[in-house]
file model-v6.cif (mmCIF, C-alpha atoms and all ligand atoms)
data_upload
loop_
_atom_site.label_atom_id
_atom_site.label_comp_id
_atom_site.auth_asym_id
_atom_site.auth_seq_id
_atom_site.Cartn_x
_atom_site.Cartn_y
_atom_site.Cartn_z
CA MET A 230 -21.52 -171.88 -93.85
CA ILE A 231 -23.06 -170.70 -97.10
CA ASP A 232 -26.82 -170.02 -97.03
CA SER A 233 -29.40 -171.93 -99.08
CA LYS A 234 -30.10 -169.06 -101.44
CA THR A 235 -26.43 -168.64 -102.39
CA ILE A 236 -26.00 -172.40 -102.76
CA GLU A 237 -28.91 -172.46 -105.15
CA SER A 238 -27.69 -169.51 -107.18
CA ILE A 239 -24.17 -170.94 -107.59
CA GLY A 240 -25.30 -174.53 -108.07
CA THR A 241 -23.83 -177.64 -106.50
CA PRO A 242 -21.49 -179.46 -106.48
CA PHE A 243 -18.73 -177.14 -105.34
CA TYR A 244 -15.80 -176.72 -103.00
CA VAL A 245 -15.43 -173.63 -100.92
CA PHE A 246 -12.17 -172.57 -99.28
CA ASP A 247 -12.30 -170.04 -96.46
CA ILE A 248 -9.16 -167.95 -96.77
CA ASP A 249 -9.45 -166.44 -93.29
CA VAL A 250 -9.65 -169.90 -91.75
CA LEU A 251 -6.62 -170.90 -93.82
CA LYS A 252 -4.53 -167.93 -92.73
CA ASN A 253 -5.47 -168.41 -89.09
CA ARG A 254 -4.46 -172.02 -89.35
CA ILE A 255 -1.04 -171.10 -90.75
CA ASN A 256 -0.53 -168.57 -87.99
CA TYR A 257 -1.48 -171.16 -85.39
CA LEU A 258 0.98 -173.72 -86.77
CA LYS A 259 3.73 -171.10 -86.89
CA SER A 260 3.02 -170.02 -83.33
CA MET A 261 3.46 -173.62 -82.15
CA MET A 262 6.87 -174.14 -83.77
CA PRO A 263 10.30 -172.83 -82.73
CA GLU A 264 11.72 -169.79 -84.55
CA ASN A 265 14.06 -171.74 -86.81
CA VAL A 266 11.08 -173.58 -88.35
CA HIS A 267 9.60 -172.06 -91.52
CA LEU A 268 6.52 -173.36 -93.27
CA CYS A 269 6.44 -174.76 -96.79
CA PHE A 270 3.07 -175.53 -98.35
CA ALA A 271 2.96 -178.75 -100.39
CA MET A 272 0.79 -177.31 -103.16
CA LYS A 273 -0.45 -180.73 -104.29
CA ALA A 274 -2.77 -180.50 -101.28
CA ASN A 275 -4.61 -177.55 -102.79
CA PRO A 276 -3.34 -175.69 -105.85
CA PHE A 277 -6.16 -173.12 -105.63
CA VAL A 278 -5.12 -171.38 -102.45
CA VAL A 279 -1.43 -171.02 -103.31
CA LYS A 280 -1.42 -167.31 -104.06
CA GLU A 281 -3.69 -166.43 -101.14
CA ILE A 282 -1.08 -167.46 -98.59
CA GLU A 283 2.05 -166.10 -100.21
CA ASP A 284 2.62 -163.56 -97.43
CA THR A 285 2.42 -166.12 -94.66
CA ILE A 286 4.28 -169.06 -96.24
CA GLU A 287 8.03 -169.15 -96.80
CA LYS A 288 8.12 -171.87 -99.49
CA TYR A 289 6.01 -174.03 -101.74
CA GLU A 290 6.81 -177.65 -102.47
CA ILE A 291 6.18 -178.04 -106.20
CA CYS A 292 6.07 -181.68 -107.14
CA SER A 293 5.53 -181.77 -110.89
CA TYR A 294 5.96 -179.71 -114.02
CA GLY A 295 2.19 -179.11 -113.93
CA GLU A 296 2.42 -177.62 -110.44
CA TRP A 297 5.40 -175.51 -111.52
CA ASN A 298 3.31 -174.14 -114.39
CA ILE A 299 0.47 -173.27 -112.01
CA ALA A 300 2.93 -171.52 -109.67
CA ASN A 301 4.31 -169.54 -112.62
CA VAL A 302 0.92 -168.49 -113.88
CA LEU A 303 0.15 -167.34 -110.34
CA ASP A 304 3.42 -165.42 -110.34
CA VAL A 305 4.74 -167.15 -107.24
CA ALA A 306 8.13 -165.70 -106.24
CA HIS A 307 10.90 -167.98 -107.48
CA GLU A 308 12.76 -167.89 -104.18
CA LYS A 309 9.75 -169.60 -102.64
CA MET A 310 9.89 -172.60 -104.96
CA VAL A 311 11.12 -176.03 -103.93
CA ILE A 312 11.10 -178.12 -107.10
CA SER A 313 10.67 -181.69 -105.96
CA GLY A 314 9.29 -184.92 -107.38
CA VAL A 315 10.35 -188.53 -107.82
CA TYR A 316 10.25 -188.14 -111.61
CA LYS A 317 11.98 -185.19 -113.18
CA ASP A 318 12.10 -185.44 -116.95
CA GLU A 319 14.73 -183.70 -119.02
CA ASP A 320 12.46 -181.35 -121.02
CA SER A 321 10.69 -180.07 -117.91
CA MET A 322 13.93 -179.62 -116.00
CA ILE A 323 15.47 -177.71 -118.91
CA ASP A 324 12.48 -175.36 -118.89
CA ILE A 325 12.59 -174.97 -115.10
CA ILE A 326 16.34 -174.30 -115.11
CA ASN A 327 16.01 -171.92 -118.08
CA HIS A 328 13.63 -169.91 -115.91
CA TYR A 329 15.83 -170.20 -112.82
CA LYS A 330 16.14 -166.94 -110.96
CA HIS A 331 17.81 -166.97 -107.60
CA GLY A 332 16.62 -169.02 -104.68
CA GLU A 333 14.65 -171.94 -106.09
CA VAL A 334 15.73 -175.16 -104.47
CA ILE A 335 15.73 -178.36 -106.51
CA THR A 336 15.48 -181.68 -104.70
CA ILE A 337 17.59 -184.60 -105.82
CA GLU A 338 15.90 -187.97 -105.43
CA SER A 339 18.31 -190.33 -107.19
CA LEU A 340 21.77 -190.65 -108.70
CA ASN A 341 20.18 -190.27 -112.13
CA GLN A 342 18.49 -187.05 -111.06
CA ILE A 343 21.76 -185.52 -109.89
CA LYS A 344 23.35 -186.48 -113.21
CA LEU A 345 20.49 -184.84 -115.09
CA VAL A 346 20.47 -181.61 -113.06
CA ASP A 347 24.27 -181.44 -113.14
CA LYS A 348 24.32 -181.81 -116.93
CA ILE A 349 21.63 -179.18 -117.54
CA THR A 350 23.19 -176.63 -115.17
CA LYS A 351 26.64 -177.15 -116.75
CA ASP A 352 25.20 -176.75 -120.26
CA LYS A 353 23.41 -173.57 -119.22
CA ASN A 354 26.18 -172.28 -116.98
CA ILE A 355 23.71 -171.73 -114.13
CA VAL A 356 24.38 -172.52 -110.48
CA VAL A 357 21.34 -173.90 -108.63
CA ASP A 358 20.61 -174.71 -104.99
CA VAL A 359 19.85 -178.36 -104.34
CA ILE A 360 18.94 -180.55 -101.39
CA LEU A 361 19.36 -184.32 -101.29
CA ARG A 362 16.34 -186.41 -100.38
CA LEU A 363 17.05 -189.14 -97.86
CA THR A 364 14.79 -192.15 -98.32
CA SER A 365 12.59 -193.55 -95.59
CA GLY A 366 12.68 -196.96 -97.27
CA ASN A 367 10.55 -196.68 -100.40
CA GLN A 368 10.83 -195.38 -103.97
CA PHE A 369 11.44 -191.82 -102.80
CA GLY A 370 14.87 -190.36 -102.15
CA MET A 371 18.30 -191.93 -101.83
CA SER A 372 19.98 -194.24 -99.35
CA GLU A 373 22.46 -192.90 -96.81
CA GLU A 374 25.27 -194.49 -98.84
CA GLU A 375 24.18 -192.75 -102.05
CA ILE A 376 24.01 -189.39 -100.30
CA ILE A 377 27.43 -189.96 -98.76
CA SER A 378 28.90 -190.86 -102.17
CA ILE A 379 27.50 -187.63 -103.66
CA LEU A 380 28.91 -185.56 -100.82
CA GLU A 381 32.31 -187.25 -100.99
CA ASN A 382 32.46 -186.05 -104.61
CA ARG A 383 30.79 -182.70 -104.06
CA SER A 384 33.70 -180.70 -105.42
CA LYS A 385 32.88 -182.11 -108.88
CA TYR A 386 29.44 -180.52 -108.89
CA ASN A 387 30.54 -176.99 -109.73
CA PHE A 388 27.05 -175.87 -110.66
CA LEU A 389 25.21 -177.41 -107.72
CA ASN A 390 25.11 -175.66 -104.40
CA ILE A 391 24.27 -178.59 -102.13
CA MET A 392 22.49 -177.06 -99.16
CA GLY A 393 21.28 -179.99 -97.15
CA ILE A 394 18.80 -182.79 -96.73
CA GLN A 395 15.11 -183.38 -97.39
CA TYR A 396 13.13 -186.03 -95.54
CA PHE A 397 9.45 -186.96 -95.78
CA SER A 398 8.22 -190.41 -94.88
CA GLY A 399 4.43 -190.23 -95.09
CA THR A 400 1.26 -188.54 -94.06
CA GLN A 401 -1.35 -188.57 -91.29
CA LYS A 402 1.00 -189.46 -88.43
CA LYS A 403 -1.15 -189.40 -85.33
CA LEU A 404 1.59 -190.29 -82.86
CA SER A 405 4.09 -187.56 -82.01
CA ARG A 406 6.66 -190.16 -81.01
CA ARG A 407 6.86 -191.37 -84.62
CA ILE A 408 7.85 -187.91 -85.78
CA ILE A 409 10.22 -187.49 -82.84
CA LYS A 410 11.99 -190.70 -83.86
CA GLU A 411 12.31 -189.48 -87.44
CA LEU A 412 13.71 -186.15 -86.27
CA GLU A 413 16.31 -188.01 -84.18
CA TYR A 414 17.23 -190.17 -87.16
CA VAL A 415 17.69 -187.24 -89.53
CA ASP A 416 19.54 -185.25 -86.85
CA ASP A 417 22.01 -188.11 -86.36
CA PHE A 418 22.53 -188.39 -90.11
CA VAL A 419 23.19 -184.67 -90.43
CA GLN A 420 25.75 -184.91 -87.59
CA LYS A 421 27.39 -187.87 -89.28
CA LEU A 422 27.75 -185.90 -92.52
CA LYS A 423 29.41 -183.11 -90.57
CA ASN A 424 31.75 -185.29 -88.52
CA GLU A 425 32.76 -187.73 -91.24
CA LEU A 426 32.65 -185.60 -94.40
CA GLY A 427 32.89 -182.06 -93.10
CA PHE A 428 29.57 -181.31 -94.82
CA VAL A 429 27.64 -178.65 -92.97
CA THR A 430 23.89 -178.79 -93.54
CA GLU A 431 22.45 -175.31 -94.04
CA GLU A 432 18.95 -176.44 -94.87
CA LEU A 433 16.89 -179.26 -93.44
CA GLU A 434 13.61 -179.72 -95.25
CA PHE A 435 11.43 -181.98 -93.15
CA GLY A 436 7.88 -183.15 -93.84
CA PRO A 437 6.34 -184.35 -90.57
CA GLY A 438 3.00 -185.53 -91.99
CA PHE A 439 0.87 -183.87 -89.31
CA PRO A 440 -2.59 -185.45 -89.16
CA VAL A 441 -6.09 -184.13 -89.72
CA MET A 442 -9.18 -185.56 -88.05
CA TYR A 443 -11.82 -186.28 -90.66
CA PHE A 444 -14.32 -188.50 -88.87
CA GLU A 445 -16.71 -187.94 -86.00
CA ALA A 446 -15.27 -190.77 -83.93
CA GLU A 447 -11.81 -189.19 -83.84
CA THR A 448 -12.20 -187.00 -80.79
CA ASP A 449 -9.19 -188.00 -78.73
CA PHE A 450 -6.50 -186.03 -80.61
CA ASP A 451 -4.99 -183.25 -78.54
CA GLU A 452 -3.24 -181.17 -81.19
CA ASN A 453 -1.74 -178.61 -78.82
CA THR A 454 0.07 -181.25 -76.80
CA TYR A 455 1.09 -183.11 -79.95
CA LEU A 456 2.64 -180.01 -81.50
CA MET A 457 4.31 -178.97 -78.25
CA GLU A 458 6.02 -182.35 -77.97
CA ILE A 459 7.35 -182.03 -81.50
CA ALA A 460 8.42 -178.42 -81.01
CA ASP A 461 10.25 -179.47 -77.86
CA LYS A 462 12.17 -182.11 -79.78
CA ILE A 463 13.11 -179.61 -82.48
CA LYS A 464 14.44 -177.21 -79.84
CA ASN A 465 16.67 -179.98 -78.53
CA LEU A 466 18.09 -181.25 -81.82
CA LYS A 467 21.84 -181.02 -82.31
CA TYR A 468 21.03 -179.36 -85.65
CA GLN A 469 19.86 -175.84 -84.90
CA GLY A 470 19.94 -174.39 -88.43
CA HIS A 471 17.14 -173.44 -90.80
CA ILE A 472 14.31 -175.96 -90.95
CA THR A 473 11.72 -175.89 -93.70
CA MET A 474 8.67 -177.82 -92.60
CA GLU A 475 6.74 -179.19 -95.58
CA LEU A 476 3.04 -179.54 -94.84
CA GLY A 477 -0.03 -180.00 -96.99
CA ARG A 478 -2.92 -181.61 -95.17
CA SER A 479 -2.44 -179.93 -91.83
CA ILE A 480 -2.33 -176.48 -93.41
CA ALA A 481 -5.23 -176.68 -95.85
CA ALA A 482 -7.75 -179.32 -94.77
CA SER A 483 -9.70 -177.24 -92.29
CA CYS A 484 -10.39 -174.36 -94.68
CA GLY A 485 -12.38 -176.46 -97.14
CA SER A 486 -15.94 -177.77 -97.47
CA TYR A 487 -17.58 -179.72 -100.27
CA TYR A 488 -21.25 -179.03 -101.02
CA THR A 489 -23.33 -181.62 -102.85
CA LYS A 490 -27.10 -181.94 -103.22
CA VAL A 491 -29.53 -184.86 -102.97
CA VAL A 492 -30.89 -185.30 -106.50
CA ASP A 493 -32.75 -188.58 -106.09
CA LYS A 494 -33.89 -190.95 -103.35
CA LYS A 495 -34.76 -194.60 -103.45
CA THR A 496 -35.40 -197.45 -101.07
CA ASN A 497 -34.99 -201.16 -101.73
CA LYS A 498 -34.29 -204.22 -99.65
CA GLU A 499 -30.67 -203.09 -99.19
CA GLY A 500 -31.74 -199.81 -97.60
CA ASN A 501 -32.26 -196.13 -98.35
CA PHE A 502 -30.12 -194.47 -101.00
CA ALA A 503 -29.68 -190.72 -101.38
CA ILE A 504 -28.15 -189.94 -104.75
CA LEU A 505 -25.92 -186.89 -104.76
CA ASP A 506 -24.91 -184.68 -107.66
CA GLY A 507 -21.26 -185.16 -106.60
CA GLY A 508 -19.46 -188.32 -105.65
CA MET A 509 -16.19 -190.16 -105.24
CA HIS A 510 -14.75 -188.55 -108.38
CA HIS A 511 -14.84 -185.24 -106.49
CA ILE A 512 -14.10 -186.20 -102.92
CA VAL A 513 -11.63 -188.59 -101.34
CA TYR A 514 -11.14 -189.13 -97.61
CA TYR A 515 -7.85 -190.41 -96.30
CA GLY A 516 -8.65 -193.30 -93.97
CA GLN A 517 -12.25 -193.80 -95.05
CA MET A 518 -13.00 -197.52 -95.02
CA MET A 519 -15.75 -198.74 -97.34
CA ALA A 520 -17.77 -195.65 -96.39
CA MET A 521 -18.15 -197.02 -92.85
CA LYS A 522 -16.80 -193.95 -91.05
CA LYS A 523 -18.90 -190.85 -90.64
CA PRO A 524 -17.12 -187.74 -91.93
CA MET A 525 -17.65 -184.42 -90.18
CA LEU A 526 -20.58 -182.92 -92.05
CA ASP A 527 -23.57 -180.60 -91.95
CA ILE A 528 -26.92 -180.85 -93.68
CA ILE A 529 -28.79 -177.84 -95.08
CA PRO A 530 -31.51 -177.45 -93.97
CA ARG A 531 -31.57 -179.36 -90.69
CA ARG A 532 -34.97 -181.04 -90.61
CA SER A 533 -36.94 -182.40 -87.73
CA GLY A 534 -38.72 -185.36 -89.37
CA ASN A 535 -38.16 -189.04 -88.59
CA GLU A 536 -34.59 -190.23 -88.34
CA GLU A 537 -33.67 -192.82 -90.94
CA ASN A 538 -30.39 -194.32 -92.08
CA TRP A 539 -29.30 -193.24 -95.54
CA ASN A 540 -26.54 -194.47 -97.80
CA LEU A 541 -25.07 -191.37 -99.46
CA VAL A 542 -24.02 -192.34 -102.97
CA GLY A 543 -22.56 -190.33 -105.81
CA ALA A 544 -23.41 -190.02 -109.46
CA LEU A 545 -21.01 -192.57 -110.97
CA CYS A 546 -21.99 -195.93 -112.42
CA THR A 547 -20.27 -198.04 -109.80
CA ILE A 548 -21.47 -199.43 -106.49
CA ASN A 549 -18.16 -198.18 -105.07
CA ASP A 550 -19.43 -194.63 -105.32
CA LEU A 551 -20.59 -194.72 -101.73
CA ILE A 552 -19.59 -191.72 -99.63
CA VAL A 553 -21.22 -192.61 -96.30
CA LYS A 554 -23.00 -195.81 -95.35
CA GLY A 555 -26.06 -195.77 -93.10
CA LEU A 556 -25.94 -192.13 -92.02
CA PRO A 557 -28.78 -191.23 -89.63
CA VAL A 558 -30.63 -188.22 -91.08
CA ASN A 559 -33.87 -186.57 -89.99
CA GLY A 560 -36.53 -186.15 -92.66
CA LEU A 561 -34.20 -186.15 -95.68
CA GLU A 562 -35.70 -184.50 -98.77
CA LEU A 563 -34.73 -183.99 -102.38
CA GLY A 564 -32.63 -180.85 -102.72
CA ASP A 565 -31.08 -181.10 -99.24
CA VAL A 566 -27.40 -180.24 -99.31
CA PHE A 567 -24.62 -182.14 -97.56
CA VAL A 568 -21.58 -180.11 -96.52
CA PHE A 569 -18.50 -182.27 -96.05
CA LYS A 570 -16.05 -180.46 -93.82
CA ASN A 571 -12.25 -180.52 -93.51
CA THR A 572 -11.94 -181.15 -97.22
CA GLY A 573 -9.49 -178.39 -98.13
CA ALA A 574 -6.55 -180.73 -98.79
CA TYR A 575 -6.29 -183.54 -101.32
CA ALA A 576 -10.02 -184.38 -101.05
CA MET A 577 -10.58 -182.62 -104.34
CA THR A 578 -7.42 -183.48 -106.27
CA GLU A 579 -7.18 -187.18 -105.47
CA GLY A 580 -10.57 -188.01 -106.99
CA ILE A 581 -10.98 -190.01 -110.19
CA SER A 582 -12.33 -186.96 -111.90
CA LEU A 583 -12.43 -188.26 -115.46
CA PHE A 584 -14.61 -191.28 -114.69
CA LEU A 585 -18.03 -191.00 -116.36
CA SER A 586 -17.06 -187.65 -117.89
CA ARG A 587 -19.00 -185.65 -115.34
CA ASP A 588 -18.17 -181.99 -114.70
CA LEU A 589 -15.60 -180.97 -112.12
CA PRO A 590 -16.94 -179.24 -109.02
CA LYS A 591 -16.87 -175.46 -108.99
CA VAL A 592 -14.47 -173.80 -106.58
CA LEU A 593 -15.25 -170.77 -104.45
CA PHE A 594 -13.36 -168.68 -101.94
CA VAL A 595 -14.84 -166.99 -98.93
CA LYS A 596 -12.63 -163.93 -98.49
CA ASP A 597 -13.25 -160.86 -96.40
CA GLY A 598 -16.79 -162.09 -95.90
CA LYS A 599 -17.49 -162.26 -99.64
CA ILE A 600 -17.91 -165.21 -102.00
CA GLU A 601 -15.76 -165.39 -105.10
CA VAL A 602 -16.05 -168.07 -107.80
CA VAL A 603 -12.49 -169.10 -108.74
CA ARG A 604 -13.38 -172.01 -110.99
CA SER A 605 -16.70 -172.29 -112.74
CA ASN A 606 -17.90 -175.36 -114.62
CA ILE A 607 -15.21 -177.50 -116.19
CA GLN A 608 -16.54 -180.18 -118.49
CA THR A 609 -14.31 -183.21 -118.36
CA TYR A 610 -16.03 -184.80 -121.35
CA LYS A 611 -13.82 -182.53 -123.43
CA LEU A 612 -10.74 -184.08 -121.85
CA ASN A 613 -12.07 -187.57 -122.51
CA MET A 614 -12.82 -187.00 -126.18
CA PRO A 615 -10.75 -189.01 -128.64
CA PHE A 616 -8.16 -186.99 -130.52
CA LYS A 617 -9.03 -186.43 -134.15
CA GLY A 618 -6.07 -185.66 -136.41
CA GLY A 619 -5.45 -181.97 -136.97
CA GLU A 620 -7.15 -180.73 -133.78
CA ASN A 621 -5.19 -178.89 -131.17
C1 LIG A 701 7.72 -184.66 -100.31
C2 LIG A 701 6.44 -184.31 -99.64
N1 LIG A 701 6.41 -183.32 -98.74
C3 LIG A 701 5.28 -182.96 -98.11
C4 LIG A 701 4.09 -183.59 -98.37
C5 LIG A 701 2.85 -183.14 -97.63
O1 LIG A 701 2.38 -184.11 -96.77
P1 LIG A 701 1.17 -183.79 -95.79
O2 LIG A 701 0.02 -183.40 -96.63
O3 LIG A 701 0.95 -185.05 -95.03
O4 LIG A 701 1.59 -182.68 -94.89
C6 LIG A 701 4.05 -184.65 -99.28
C7 LIG A 701 2.80 -185.36 -99.55
O5 LIG A 701 2.71 -186.28 -100.32
C8 LIG A 701 5.26 -185.01 -99.96
O6 LIG A 701 5.29 -185.98 -100.87
#

call {"tool": "encode", "arguments": {"input": "model-v6.cif", "output": "structure tokens"}}
result
Amino acid sequence: MIDSKTIESIGTPFYVFDIDVLKNRINYLKSMMPENVHLCFAMKANPFVVKEIEDTIEKYEICSYGEWNIANVLDVAHEKMVISGVYKDEDSMIDIINHYKHGEVITIESLNQIKLVDKITKDKNIVVDVILRLTSGNQFGMSEEEIISILENRSKYNFLNIMGIQYFSGTQKKLSRRIIKELEYVDDFVQKLKNELGFVTEELEFGPGFPVMYFEAETDFDENTYLMEIADKIKNLKYQGHITMELGRSIAASCGSYYTKVVDKKTNKEGNFAILDGGMHHIVYYGQMMAMKKPMLDIIPRRSGNEENWNLVGALCTINDLIVKGLPVNGLELGDVFVFKNTGAYAMTEGISLFLSRDLPKVLFVKDGKIEVVRSNIQTYKLNMPFKGGEN
């Protein structure tokens, strides 16, 4: 945890990502999986830490042109890039394919996407690796029939090296048997493609949606057993080739904390309200329900005064900006800092950051025991300003 003096000198609100914790987490996940499983970090979960984990991560799932630009600025190796996304527009794909080196994998999510990628690669005379996303019954990916029709005609796609299948059905799956069922389903489909079409899958990109515990009440999750059950299933699949396991939340959540300070206090007939300098535009919890659940948090300093229940509210002009309802706190004072833990994935990027034109939180790393500011103040009012002709 960061000490009071440092918090004061940097100024809240901010996120801090502990790179050692992150690397240890990746090593733990790797150690729990069989050898044919390689980790892919879904960078939407936390674009800041991408470069820090390049040595330990085999791939990055890059889900938009914006993320691809971030990866390029960070000089991420092209062979680590999986270019995915339900919407791939022509201009972005032309740019991505123009920069194609060897080894990027492009996912295909629809018949229109394969047409687009096929056309661009033919025009440019560039062969690219692709994988076909199998839907789990929503707007993402293609049906079994669509994938089969592509593979039946695969000889026509001279510039597409079709390597295999991608499957991701959702996040925060707390029951291992759900993931086991999905693995069985994808395994059967891969076998069917081999038996009926002679298509041999070389690459299976699978997003299991491993869960993260965010709230104090969630104490019954035994992660070791959960991961062992899944690893056991993977060892017993008929498919024994290369598996790329796409993960966001489970990799990055535990490395992050969000620090926000009490800037005002008031009491009325509805209760006690502690107003924070952050709020819901900065922090989002998956599974939080009307602020009823208590996230894992610390308070700096810990005080010994009377315990009272406090509603922790943010700095937006909406009654929805309630982070925790009725939190028991001892002797709360102005200037006390709340540290929301396990917020290294999505918590920061899913917020409604432009609402009320408040600044974005700063971002720090803790690395080799030192603190490094990696994003200082960003004023969103500039992004919200109306465009005046002639300005860039
Ligand atoms: C295609 C794909 N893969 C992987 C992920 C990462 O999921 P999680 O953070 O649950 O691991 C996502 C998240 O939205 C996704 O859309």

call {"tool": "closest_residue", "arguments": {"input": "model-v6.cif", "among": "A:Tyr316, A:Tyr244, A:Phe450, A:Phe397", "to": "ligand LIG 701 (chain A)", "atoms": "all atoms listed in the file"}}
result
A:Phe397

call {"tool": "atom_distance", "arguments": {"input": "model-v6.cif", "atom1": "CA of Val441 (chain A)", "atom2": "CA of Glu601 (chain A)"}}
result
26.1 Å

call {"tool": "atom_distance", "arguments": {"input": "model-v6.cif", "atom1": "CA of Phe243 (chain A)", "atom2": "CA of Leu526 (chain A)"}}
result
14.6 Å

call {"tool": "atom_distance", "arguments": {"input": "model-v6.cif", "atom1": "CA of Ile248 (chain A)", "atom2": "CA of His511 (chain A)"}}
result
20.6 Å

call {"tool": "closest_residue", "arguments": {"input": "model-v6.cif", "among": "A:Leu268, A:Ile299, A:Met577, A:Ile325", "to": "Glu475 (chain A)", "atoms": "only C-alpha atoms"}}
result
A:Leu268

call {"tool": "residues_near_ligand", "arguments": {"input": "model-v6.cif", "ligand": "ligand LIG 701 (chain A)", "cutoff": "8 Å", "atoms": "all atoms listed in the file", "output": "NGL selection string"}}
result
:A and (270-271 or 273-274 or 290 or 292 or 313-314 or 396-402 or 435-440 or 475-480 or 574-575)

call {"tool": "residues_around", "arguments": {"input": "model-v6.cif", "residues": "Glu333 (chain A)", "least_positions_apart": "6", "cutoff": "8 Å", "atoms": "only C-alpha atoms", "output": "list in words"}}
result
His307, Glu308, Lys309, Met310, Val311, Ile312, Val357 and Asp358 of chain A

call {"tool": "write_last_selection", "arguments": {"input": "model-v6.cif", "atoms": "C-alpha atoms", "output": "short mmCIF file (atom, residue, chain, number, x, y, z; two decimals), in the coordinates of the input"}}
result
data_model
loop_
_atom_site.label_atom_id
_atom_site.label_comp_id
_atom_site.auth_asym_id
_atom_site.auth_seq_id
_atom_site.Cartn_x
_atom_site.Cartn_y
_atom_site.Cartn_z
CA HIS A 307 10.90 -167.98 -107.48
CA GLU A 308 12.76 -167.89 -104.18
CA LYS A 309 9.75 -169.60 -102.64
CA MET A 310 9.89 -172.60 -104.96
CA VAL A 311 11.12 -176.03 -103.93
CA ILE A 312 11.10 -178.12 -107.10
CA VAL A 357 21.34 -173.90 -108.63
CA ASP A 358 20.61 -174.71 -104.99
#

call {"tool": "residues_around", "arguments": {"input": "model-v6.cif", "residues": "Ile529 (chain A)", "least_positions_apart": "2", "cutoff": "8 Å", "atoms": "only C-alpha atoms", "output": "PyMOL selection string"}}
result
chain A and resi 233+527+531+565-568

call {"tool": "write_last_selection", "arguments": {"input": "model-v6.cif", "atoms": "C-alpha atoms", "output": "PDB file, in the frame of the given file"}}
result
ATOM      1  CA  SER A 233     -29.400-171.930 -99.080  1.00  0.00           C
ATOM      2  CA  ASP A 527     -23.570-180.600 -91.950  1.00  0.00           C
ATOM      3  CA  ARG A 531     -31.570-179.360 -90.690  1.00  0.00           C
ATOM      4  CA  ASP A 565     -31.080-181.100 -99.240  1.00  0.00           C
ATOM      5  CA  VAL A 566     -27.400-180.240 -99.310  1.00  0.00           C
ATOM      6  CA  PHE A 567     -24.620-182.140 -97.560  1.00  0.00           C
ATOM      7  CA  VAL A 568     -21.580-180.110 -96.520  1.00  0.00           C
TER       8      VAL A 568
END

call {"tool": "axis_aligned_box", "arguments": {"input": "model-v6.cif", "around": "region 458-474 of chain A", "padding_each_side": "4 Å", "output": "JSON"}}
result
{"center_x": 13.9, "center_y": -177.9, "center_z": -85.8, "size_x": 23.8, "size_y": 16.9, "size_z": 23.8}

call {"tool": "residues_around", "arguments": {"input": "model-v6.cif", "residues": "Asp461 (chain A)", "least_positions_apart": "5", "cutoff": "9 Å", "atoms": "only C-alpha atoms", "output": "ChimeraX atom specification"}}
result
/A:262-263,456,466

call {"tool": "residues_around", "arguments": {"input": "model-v6.cif", "residues": "region 418-425 of chain A", "least_positions_apart": "3", "cutoff": "8 Å", "atoms": "only C-alpha atoms", "output": "list of chain:residue names"}}
result
A:Ile377, A:Ile394, A:Tyr414, A:Val415, A:Phe428, A:Val429, A:Thr430, A:Lys467, A:Tyr468

call {"tool": "residues_around", "arguments": {"input": "model-v6.cif", "residues": "Ile337 (chain A)", "least_positions_apart": "5", "cutoff": "8 Å", "atoms": "only C-alpha atoms", "output": "list in words"}}
result
Ser313, Gln342, Ile343, Val359, Ile360, Leu361, Arg362 and Gly370 of chain A

call {"tool": "closest_residue", "arguments": {"input": "model-v6.cif", "among": "A:Asn256, A:Ser486, A:Asn540, A:Ser378", "to": "Leu593 (chain A)", "atoms": "only C-alpha atoms"}}
result
A:Ser486

call {"tool": "residues_near_point", "arguments": {"input": "model-v6.cif", "point": "(26.8, -182.2, -106.4)", "cutoff": "8 Å", "atoms": "all atoms listed in the file", "output": "ChimeraX atom specification"}}
result
/A:343,347,379-380,382-391

call {"tool": "closest_residue", "arguments": {"input": "model-v6.cif", "among": "A:Gly573, A:Gly366, A:Pro524, A:Gly560", "to": "Tyr487 (chain A)", "atoms": "only C-alpha atoms"}}
result
A:Gly573

call {"tool": "closest_residue", "arguments": {"input": "model-v6.cif", "among": "A:Gly516, A:Gly580, A:Pro557, A:Gly507", "to": "Thr241 (chain A)", "atoms": "all atoms listed in the file"}}
result
A:Gly507

call {"tool": "closest_residue", "arguments": {"input": "model-v6.cif", "among": "A:Val492, A:Leu612, A:Met230, A:Val250", "to": "Asp597 (chain A)", "atoms": "only C-alpha atoms"}}
result
A:Val250
